[in-house]
Every structure is written in structure tokens, then in C-alpha cells.
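Structure file input.txt (compact mmCIF, C-alpha atoms) follows.
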# COMPACT_ATOMS: atom_id res chain seq x y z
CA MET N 1 -9.99 -19.20 -15.54
CA ASP N 2 -10.68 -22.51 -13.84
CA LEU N 3 -12.60 -22.13 -10.56
CA GLN N 4 -14.03 -25.15 -8.77
CA THR N 5 -16.73 -24.91 -6.15
CA GLU N 6 -17.74 -27.18 -3.33
CA GLN N 7 -20.44 -26.81 -0.67
CA SER N 8 -19.62 -27.75 2.88
CA ASP N 9 -21.29 -26.90 6.18
CA GLY N 10 -23.13 -23.93 4.72
CA LEU N 11 -19.98 -22.58 3.08
CA THR N 12 -19.18 -22.33 -0.59
CA VAL N 13 -15.52 -23.07 -1.14
CA VAL N 14 -14.24 -21.69 -4.44
CA SER N 15 -10.83 -23.06 -5.39
CA VAL N 16 -8.70 -21.24 -7.92
CA MET N 17 -7.16 -24.00 -10.03
CA GLU N 18 -4.54 -21.75 -11.65
CA ASP N 19 -1.19 -20.52 -10.41
CA ARG N 20 -1.57 -16.85 -11.32
CA ILE N 21 -4.16 -14.11 -10.86
CA ASP N 22 -2.60 -11.26 -12.80
CA ALA N 23 -3.59 -8.51 -15.23
CA ALA N 24 -4.09 -11.10 -17.99
CA VAL N 25 -6.91 -12.86 -16.12
CA ALA N 26 -8.17 -10.38 -13.51
CA ILE N 27 -11.41 -9.51 -15.33
CA GLN N 28 -12.04 -13.14 -16.19
CA PHE N 29 -11.55 -14.05 -12.54
CA LYS N 30 -14.07 -11.45 -11.40
CA ASP N 31 -16.65 -12.61 -13.96
CA ARG N 32 -16.14 -16.28 -13.13
CA MET N 33 -16.50 -15.54 -9.41
CA ARG N 34 -19.86 -13.94 -10.14
CA GLU N 35 -20.95 -16.97 -12.17
CA VAL N 36 -19.91 -19.66 -9.71
CA THR N 37 -21.45 -17.92 -6.72
CA ALA N 38 -24.68 -16.81 -8.43
CA GLY N 39 -27.89 -17.93 -6.76
CA GLY N 40 -26.16 -19.34 -3.69
CA GLU N 41 -26.22 -18.23 -0.10
CA GLY N 42 -23.94 -18.22 2.92
CA PRO N 43 -20.30 -17.24 3.19
CA VAL N 44 -17.83 -17.94 0.39
CA VAL N 45 -14.26 -19.05 1.02
CA LEU N 46 -11.77 -18.39 -1.74
CA ASP N 47 -9.09 -21.08 -1.69
CA LEU N 48 -5.88 -19.54 -3.05
CA SER N 49 -3.57 -22.40 -2.12
CA ARG N 50 -2.65 -23.14 -5.75
CA VAL N 51 -1.95 -19.49 -6.55
CA THR N 52 1.73 -18.62 -6.49
CA PHE N 53 1.50 -15.15 -8.07
CA LEU N 54 -0.96 -12.33 -7.48
CA ASP N 55 -0.37 -8.77 -8.68
CA SER N 56 -2.31 -5.60 -7.87
CA SER N 57 -4.78 -6.35 -10.69
CA GLY N 58 -5.43 -9.74 -9.12
CA LEU N 59 -5.74 -8.18 -5.70
CA GLY N 60 -8.23 -5.66 -7.10
CA ALA N 61 -10.22 -8.50 -8.63
CA VAL N 62 -10.41 -10.33 -5.30
CA VAL N 63 -11.64 -7.12 -3.65
CA ALA N 64 -14.18 -6.67 -6.47
CA ALA N 65 -15.39 -10.24 -5.90
CA MET N 66 -15.85 -9.44 -2.22
CA LYS N 67 -17.90 -6.35 -3.12
CA GLN N 68 -20.01 -8.33 -5.59
CA LEU N 69 -21.04 -10.70 -2.80
CA ALA N 70 -21.70 -7.99 -0.21
CA PRO N 71 -23.78 -7.19 1.72
CA ASP N 72 -25.53 -10.57 1.94
CA ARG N 73 -22.55 -12.86 1.64
CA ARG N 74 -19.08 -12.67 3.11
CA LEU N 75 -15.89 -13.55 1.23
CA ASP N 76 -13.14 -15.15 3.30
CA LEU N 77 -9.74 -16.23 2.03
CA ALA N 78 -7.82 -19.43 2.64
CA GLY N 79 -4.45 -20.97 1.82
CA LEU N 80 -2.42 -17.85 1.08
CA GLY N 81 1.12 -18.81 0.06
CA GLY N 82 4.21 -16.71 0.76
CA MET N 83 4.05 -14.34 -2.19
CA VAL N 84 0.26 -13.95 -2.11
CA ALA N 85 0.25 -13.35 1.63
CA LYS N 86 2.95 -10.72 1.17
CA VAL N 87 0.87 -8.73 -1.33
CA PHE N 88 -2.09 -8.73 1.09
CA ARG N 89 0.18 -7.72 3.97
CA LEU N 90 2.07 -4.97 2.09
CA THR N 91 -1.17 -3.33 0.97
CA ARG N 92 -2.79 -3.96 4.37
CA MET N 93 -5.68 -5.64 2.59
CA ASP N 94 -5.17 -8.54 5.02
CA SER N 95 -7.06 -6.33 7.49
CA VAL N 96 -10.34 -6.46 5.56
CA PHE N 97 -10.60 -10.22 4.97
CA ARG N 98 -10.90 -13.15 7.34
CA ILE N 99 -7.94 -15.29 6.37
CA HIS N 100 -7.84 -19.02 7.14
CA ASP N 101 -4.83 -21.31 6.88
CA SER N 102 -6.69 -23.69 4.58
CA PRO N 103 -10.21 -24.38 3.29
CA GLU N 104 -10.45 -27.15 5.89
CA ALA N 105 -9.70 -24.61 8.64
CA ALA N 106 -12.41 -22.32 7.26
CA ILE N 107 -14.93 -25.19 7.29
CA ALA N 108 -13.93 -26.15 10.83
CA ALA N 109 -14.36 -22.51 11.94
CA ALA N 110 -17.83 -22.40 10.38
CA ARG N 111 -18.75 -25.66 12.14
CA ASP N 112 -17.55 -24.31 15.48
CA ALA N 113 -19.57 -21.13 15.02
CA ALA N 114 -22.75 -23.04 14.14
CA MET G 1 5.34 3.42 7.17
CA SER G 2 7.65 2.51 4.30
CA ARG G 3 11.36 2.70 4.79
CA PRO G 4 13.26 5.48 3.07
CA ILE G 5 13.96 4.88 -0.56
CA LYS G 6 17.09 6.15 -2.22
CA MET G 7 16.59 8.05 -5.44
CA LEU G 8 19.21 7.04 -7.97
CA PRO G 9 20.71 9.62 -10.29
CA GLY G 10 19.04 9.70 -13.68
CA ALA G 11 21.21 7.19 -15.46
CA CYS G 12 19.80 6.02 -18.77
CA GLU G 13 22.08 3.14 -19.65
CA MET G 14 22.65 -0.27 -18.20
CA PRO G 15 26.03 -1.51 -19.38
CA ARG G 16 26.21 -5.23 -20.18
CA PRO G 17 22.83 -6.36 -18.90
CA ALA G 18 22.65 -10.06 -18.07
CA LEU G 19 19.08 -10.20 -19.32
CA SER G 20 17.66 -8.17 -22.17
CA LEU G 21 14.14 -8.68 -23.50
CA GLN G 22 11.95 -6.70 -25.81
CA PHE G 23 8.22 -7.32 -26.00
CA VAL G 24 4.86 -5.63 -26.41
CA ALA G 25 3.25 -4.15 -23.30
CA GLU G 26 0.15 -6.33 -23.23
CA PRO G 27 -0.84 -8.81 -20.51
CA CYS G 28 0.09 -12.11 -22.19
CA ALA G 29 3.47 -10.88 -23.44
CA ILE G 30 4.13 -9.45 -19.97
CA ARG G 31 3.38 -12.88 -18.50
CA THR G 32 5.88 -14.53 -20.83
CA ALA G 33 8.52 -11.90 -20.07
CA MET G 34 7.89 -12.34 -16.33
CA ALA G 35 8.46 -16.08 -16.66
CA ARG G 36 11.75 -15.54 -18.50
CA PHE G 37 12.82 -12.97 -15.92
CA SER G 38 12.06 -15.36 -13.04
CA ASN G 39 13.95 -18.21 -14.71
CA TRP G 40 16.93 -15.93 -15.26
CA LEU G 41 16.87 -14.67 -11.68
CA SER G 42 16.59 -18.16 -10.32
CA ALA G 43 19.50 -19.36 -12.51
CA ALA G 44 21.49 -16.34 -11.28
CA GLY G 45 21.25 -17.75 -7.77
CA ALA G 46 18.34 -15.79 -6.32
CA HIS G 47 16.08 -17.42 -3.75
CA GLY G 48 12.43 -17.36 -2.74
CA GLU G 49 11.95 -13.98 -1.11
CA GLU G 50 14.17 -12.11 -3.57
CA ILE G 51 12.40 -13.69 -6.54
CA ASN G 52 8.98 -12.93 -5.03
CA ASP G 53 9.83 -9.29 -4.39
CA ALA G 54 11.40 -8.82 -7.80
CA GLN G 55 8.36 -10.36 -9.46
CA ILE G 56 5.99 -8.05 -7.60
CA VAL G 57 8.05 -4.96 -8.49
CA LEU G 58 8.50 -5.91 -12.13
CA ALA G 59 4.87 -6.93 -12.62
CA GLU G 60 3.61 -3.65 -11.18
CA ALA G 61 6.04 -1.57 -13.24
CA LEU G 62 5.05 -3.42 -16.44
CA ASN G 63 1.33 -3.18 -15.65
CA ASN G 64 1.79 0.58 -15.22
CA ILE G 65 3.34 0.80 -18.67
CA ALA G 66 0.53 -1.25 -20.23
CA GLU G 67 -2.27 0.55 -18.40
CA HIS G 68 -0.97 4.12 -18.25
CA ALA G 69 1.95 4.83 -20.61
CA TYR G 70 0.15 3.12 -23.50
CA ALA G 71 -3.35 3.83 -22.19
CA ASP G 72 -4.40 5.94 -25.16
CA ALA G 73 -2.64 4.03 -27.88
CA LYS G 74 -2.02 0.60 -29.25
CA ALA G 75 0.21 -1.42 -26.92
CA GLY G 76 3.79 -0.51 -27.72
CA PRO G 77 7.22 -1.97 -27.08
CA VAL G 78 9.02 -2.32 -23.76
CA ARG G 79 12.65 -3.14 -23.27
CA LEU G 80 13.59 -4.90 -20.06
CA CYS G 81 17.21 -5.14 -18.96
CA ALA G 82 18.29 -6.68 -15.71
CA THR G 83 21.49 -7.54 -13.99
CA ARG G 84 22.66 -8.63 -10.59
CA ARG G 85 25.57 -6.55 -9.47
CA GLY G 86 27.21 -7.02 -6.12
CA GLU G 87 24.40 -7.43 -3.66
CA ASP G 88 21.77 -5.75 -5.76
CA LEU G 89 19.38 -6.54 -8.53
CA TRP G 90 19.06 -3.79 -11.13
CA ILE G 91 16.14 -3.53 -13.51
CA GLU G 92 15.75 -1.03 -16.32
CA LEU G 93 12.53 -0.56 -18.29
CA ARG G 94 12.11 1.63 -21.35
CA ASP G 95 8.95 2.38 -23.25
CA HIS G 96 7.72 4.84 -25.86
CA GLY G 97 4.43 5.64 -24.14
CA GLN G 98 3.16 8.77 -22.48
CA PRO G 99 5.39 10.28 -19.77
CA ILE G 100 4.41 9.73 -16.17
CA PRO G 101 2.48 12.86 -15.11
CA GLU G 102 4.43 15.10 -12.77
CA GLU G 103 2.11 14.49 -9.82
CA ARG G 104 2.43 10.71 -10.20
CA ARG G 105 6.19 10.57 -10.59
CA PRO G 106 7.52 7.81 -8.37
CA ASP G 107 10.98 9.33 -8.05
CA ARG G 108 9.85 12.35 -6.08
CA GLY G 109 10.69 12.34 -2.42
CA THR G 110 7.10 12.66 -1.32
CA GLU G 111 5.51 9.65 0.26
CA LEU G 112 3.02 7.81 -1.90
CA ALA G 113 0.24 6.85 0.48
CA PRO G 114 -1.27 3.40 0.09
CA PRO G 115 -4.99 3.23 -0.61
CA ASP G 116 -7.12 2.97 2.52
CA PRO G 117 -8.00 -0.73 2.95
CA LEU G 118 -11.36 0.13 4.52
CA ALA G 119 -12.41 1.92 1.34
CA LEU G 120 -12.07 -1.49 -0.39
CA PRO G 121 -9.91 -0.15 -3.21
CA GLU G 122 -9.61 -2.19 -6.39
CA GLY G 123 -6.43 -0.47 -7.56
CA GLY G 124 -3.81 2.11 -6.80
CA PHE G 125 -1.45 -0.34 -5.11
CA GLY G 126 1.19 -0.51 -7.84
CA TRP G 127 3.64 2.28 -7.07
CA PHE G 128 3.12 1.80 -3.37
CA MET G 129 4.29 -1.82 -3.60
CA ILE G 130 7.17 -0.91 -5.91
CA ARG G 131 8.41 1.65 -3.42
CA GLN G 132 7.94 -0.66 -0.46
CA LEU G 133 10.12 -3.34 -2.03
CA SER G 134 12.72 -1.30 -3.92
CA SER G 135 15.84 0.14 -2.36
CA GLY G 136 16.43 2.57 -5.20
CA LEU G 137 14.43 4.06 -8.03
CA SER G 138 14.91 6.62 -10.75
CA TYR G 139 12.80 7.83 -13.63
CA CYS G 140 13.66 10.01 -16.57
CA ARG G 141 12.06 11.03 -19.80
CA CYS G 142 14.86 10.71 -22.33
CA GLY G 143 14.46 11.11 -26.09
CA GLY G 144 10.72 10.49 -26.08
CA GLN G 145 11.07 7.39 -23.93
CA ASN G 146 10.32 6.59 -20.33
CA HIS G 147 13.33 5.14 -18.54
CA LEU G 148 12.65 3.55 -15.19
CA HIS G 149 15.48 2.15 -13.09
CA LEU G 150 14.73 -0.04 -10.13
CA GLN G 151 17.12 -1.46 -7.60
CA LEU G 152 16.37 -4.25 -5.14
CA PRO G 153 18.60 -5.69 -2.48
CA ALA G 154 19.54 -9.18 -3.62
CA ALA G 155 19.93 -10.66 -0.17
CA ARG G 156 17.25 -9.26 2.05
CA ALA G 157 16.32 -10.18 5.58
CA THR G 158 13.20 -12.27 5.24
CA ALA G 159 11.94 -11.80 8.78
CA ASP G 160 11.78 -8.03 8.70
CA PRO G 161 11.79 -6.22 5.37
CA GLY G 162 12.31 -2.97 7.24
CA ALA G 163 15.72 -4.20 8.34
CA ALA G 164 17.02 -4.89 4.84
CA PRO G 165 20.43 -3.33 4.39
CA CYS G 166 20.58 -0.12 2.46
CA PRO G 167 22.36 -0.79 -0.82
CA LYS G 168 25.68 0.83 -1.54
CA SER G 169 25.84 3.98 -3.52
CA ALA G 170 24.27 3.99 -6.94
CA ALA G 171 27.02 3.02 -9.32
CA LYS G 172 26.41 4.03 -12.88
Mind turning this structure into C-alpha cells?
Amino acid sequence: MDLQTEQSDGLTVVSVMEDRIDAAVAIQFKDRMREVTAGGEGPVVLDLSRVTFLDSSGLGAVVAAMKQLAPDRRLDLAGLGGMVAKVFRLTRMDSVFRIHDSPEAAIAAARDAA
Amino acid sequence: MSRPIKMLPGACEMPRPALSLQFVAEPCAIRTAMARFSNWLSAAGAHGEEINDAQIVLAEALNNIAEHAYADAKAGPVRLCATRRGEDLWIELRDHGQPIPEERRPDRGTELAPPDPLALPEGGFGWFMIRQLSSGLSYCRCGGQNHLHLQLPAARATADPGAAPCPKSAAK
């Protein structure tokens, strides 16, 4: 599971470099999220713009990643495509995350808030 | 919350499926089968929203088989048949795993509540999503197998899923 991280304006942007977060990789995703965010501070933005398929296992893994970071660090989401956005909307899990159009929008929002 | 779902009669056969695959219910084989299903559906003339919905429904149904029906045993076989008939997409799944427990049966009329988002659930979304996106569903335990039939409207209104037309009566 290829995750790439970048620091910007106090945010850690984690980009998922794969097109699927499904049952085959859900546990790997959760473990990799823990690794790439370990020791850092400040909010984390998960960039899902390359992800075209997310099932309930993947959704559960994103929620687990959010819980791993809590209570000190927040997990926001960015770049949800049509199918991914639909899964969040159907399950109403879009109500528990801050969702940005893109990582750039998340960085701009953090800059405005600073 | 979810629109009414029509329970199909317990038919156990899909005559002349356009797609027929058999594979083992484990995550990587499911991924491969999903890819073949999507390619078939796309070649059959389906578009974005229909393919997305069908992929969600099929993935959740297959994950249920892998995680529950074969939970206590070695991953076993699944047969997937699909066809597009009239305005509907029909999917049939068969497996040799454990039956779905009575209280979890998706074909009962009772509403399956979604998990509460505020409880930050990490699972329990599968049947809820299947029922949200399907227009028809039936389940039967036939000859030691689970038979699950799913029906999705092929041409759905993208703006408002609640307004999707109810499919015509369940032809055998």
C-alpha cells in the first residue's frame, strides 16, 4: 500500500497512491497510516483523489485511521471522487469528517485559520 | 430513510447468464472477479453511476461471503452470474458456506438500520449499502448452498437515487 506524505502549513498530507482501498488492502492501509503519521503532530489530511473504489472494509479502515490519530490529531479527507463520495454519503460517514475538495483546499483552509 | 426494496421470489436459477465466473472467496480473487465484472458491465453499455452502484453492491455481497459464510472454514468457491435484462441488472451469487443467520437475513422486510456515524463504526455497512442501492433482493438456502439474487435498475436517475424507477415485476 503506497502512501506518500508531505508537510505543508502545519498539516500532514497523506496521499493514497493506489486506486482501490478494499478488503484486500484494508488492514495494510490502517497499518501504513499508523507508520506514516507516527511521531508527527497537527492535523492529517488524507488525499483520496487517486482512489476510484472504496468498499465498506476500506471505509472501516479510514475510520480506524481517524481513531488511531485521535484525540490529539484530526483526520480530514480530501479529493473524494464520485464513487468514494457516494460510499461516505450513503453511510452518512461524511458527517463525521471534514471533507475538502482537494489537498490544496485543505492547506488553504489551514492557512486561513492560522 | 432507504426507499422500499422489493423482495423477489426465491428463484434459484438464472437462465442464460451473460457473465458467469467461478472463483474462491478470498480478497485477491474477489478483486479479479470485480474487475472482470466491471469490464463486462461496461462493454454491455452501462455508464458511470450504474457501474459504481453495481460495484458497491457486488463487493459488499462478496465480502460478506468471504467474511461470514466462510468465516469458520477455508475460503470456498463462489459462482457469480450476471445479466442485463430489460432495464435491470441481475446478479446471482452462490456459495457453499454457512447460511445467513435468521436475524441477519437481508430479504426480510424489516429495515436494516445503518450504523450510527457518531459511534465511529468500522463495519456493519455492507447490507445497508446493498439494500440502499438494490431494487430487488432475494435469498434462499437451496441444497446446502446460499443463493443470493440482486437486482439493480440499469438506468437510474443520478441526481436523486430515491427517485429511481421501481423495476418491473420480478421475471423468473
Give as a VMD selection string every residue of chain G that touches chain N within 12 Å, counting all atoms listed in the file. chain G and resid 1 to 2 25 to 32 34 to 35 38 48 to 64 66 to 67 113 to 133 158 to 162
*asked:* Between atom CA of Ser134 of chain G and atom CA of His96 of chain G, what is the distance in Å, rounded to a tenth?
replied: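 Between atom CA of Ser134 of chain G and atom CA of His96 of chain G the gap works out to 23.3 Å.
Counting only C-alpha atoms, Val51 of chain N has the following residues at most 9 Å away, ignoring those fewer than 2 positions along the same chain: Val16, Met17, Glu18, Asp19, Arg20, Ile21, Asp47, Leu48, Ser49, Phe53, Leu54, Gly79, Leu80, Gly81 and Val84 of chain N.
Nearest-residue note for Ile100 of chain G: choosing from G:His47, G:Arg79, G:His147, G:Arg84, the minimum distance belongs to G:His147, counting only C-alpha atoms.
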Legend entry - Coordinates-based distance that separates atom CA of Gln68 of chain N from atom CA of Glu41 of chain N (Å, one decimal):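 About the pair atom CA of Glu41 of chain N and atom CA of Gln68 of chain N: they are 12.9 Å apart.
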**Study point:** segment 97-104 of chain N surroundings by only C-alpha atoms, 6 Å radius, close-in-sequence under 4 positions cut, as an MDAnalysis selection string
**Key:** chainID N and resid 76:79
Listed atoms of segment 89-98 of chain N boxed axis-aligned with 6 Å per side, centre + edges as lines of an AutoDock Vina configuration file:
center_x = -4.4
center_y = -8.2
center_z = 4.2
size_x = 25.0
size_y = 21.8
size_z = 18.5
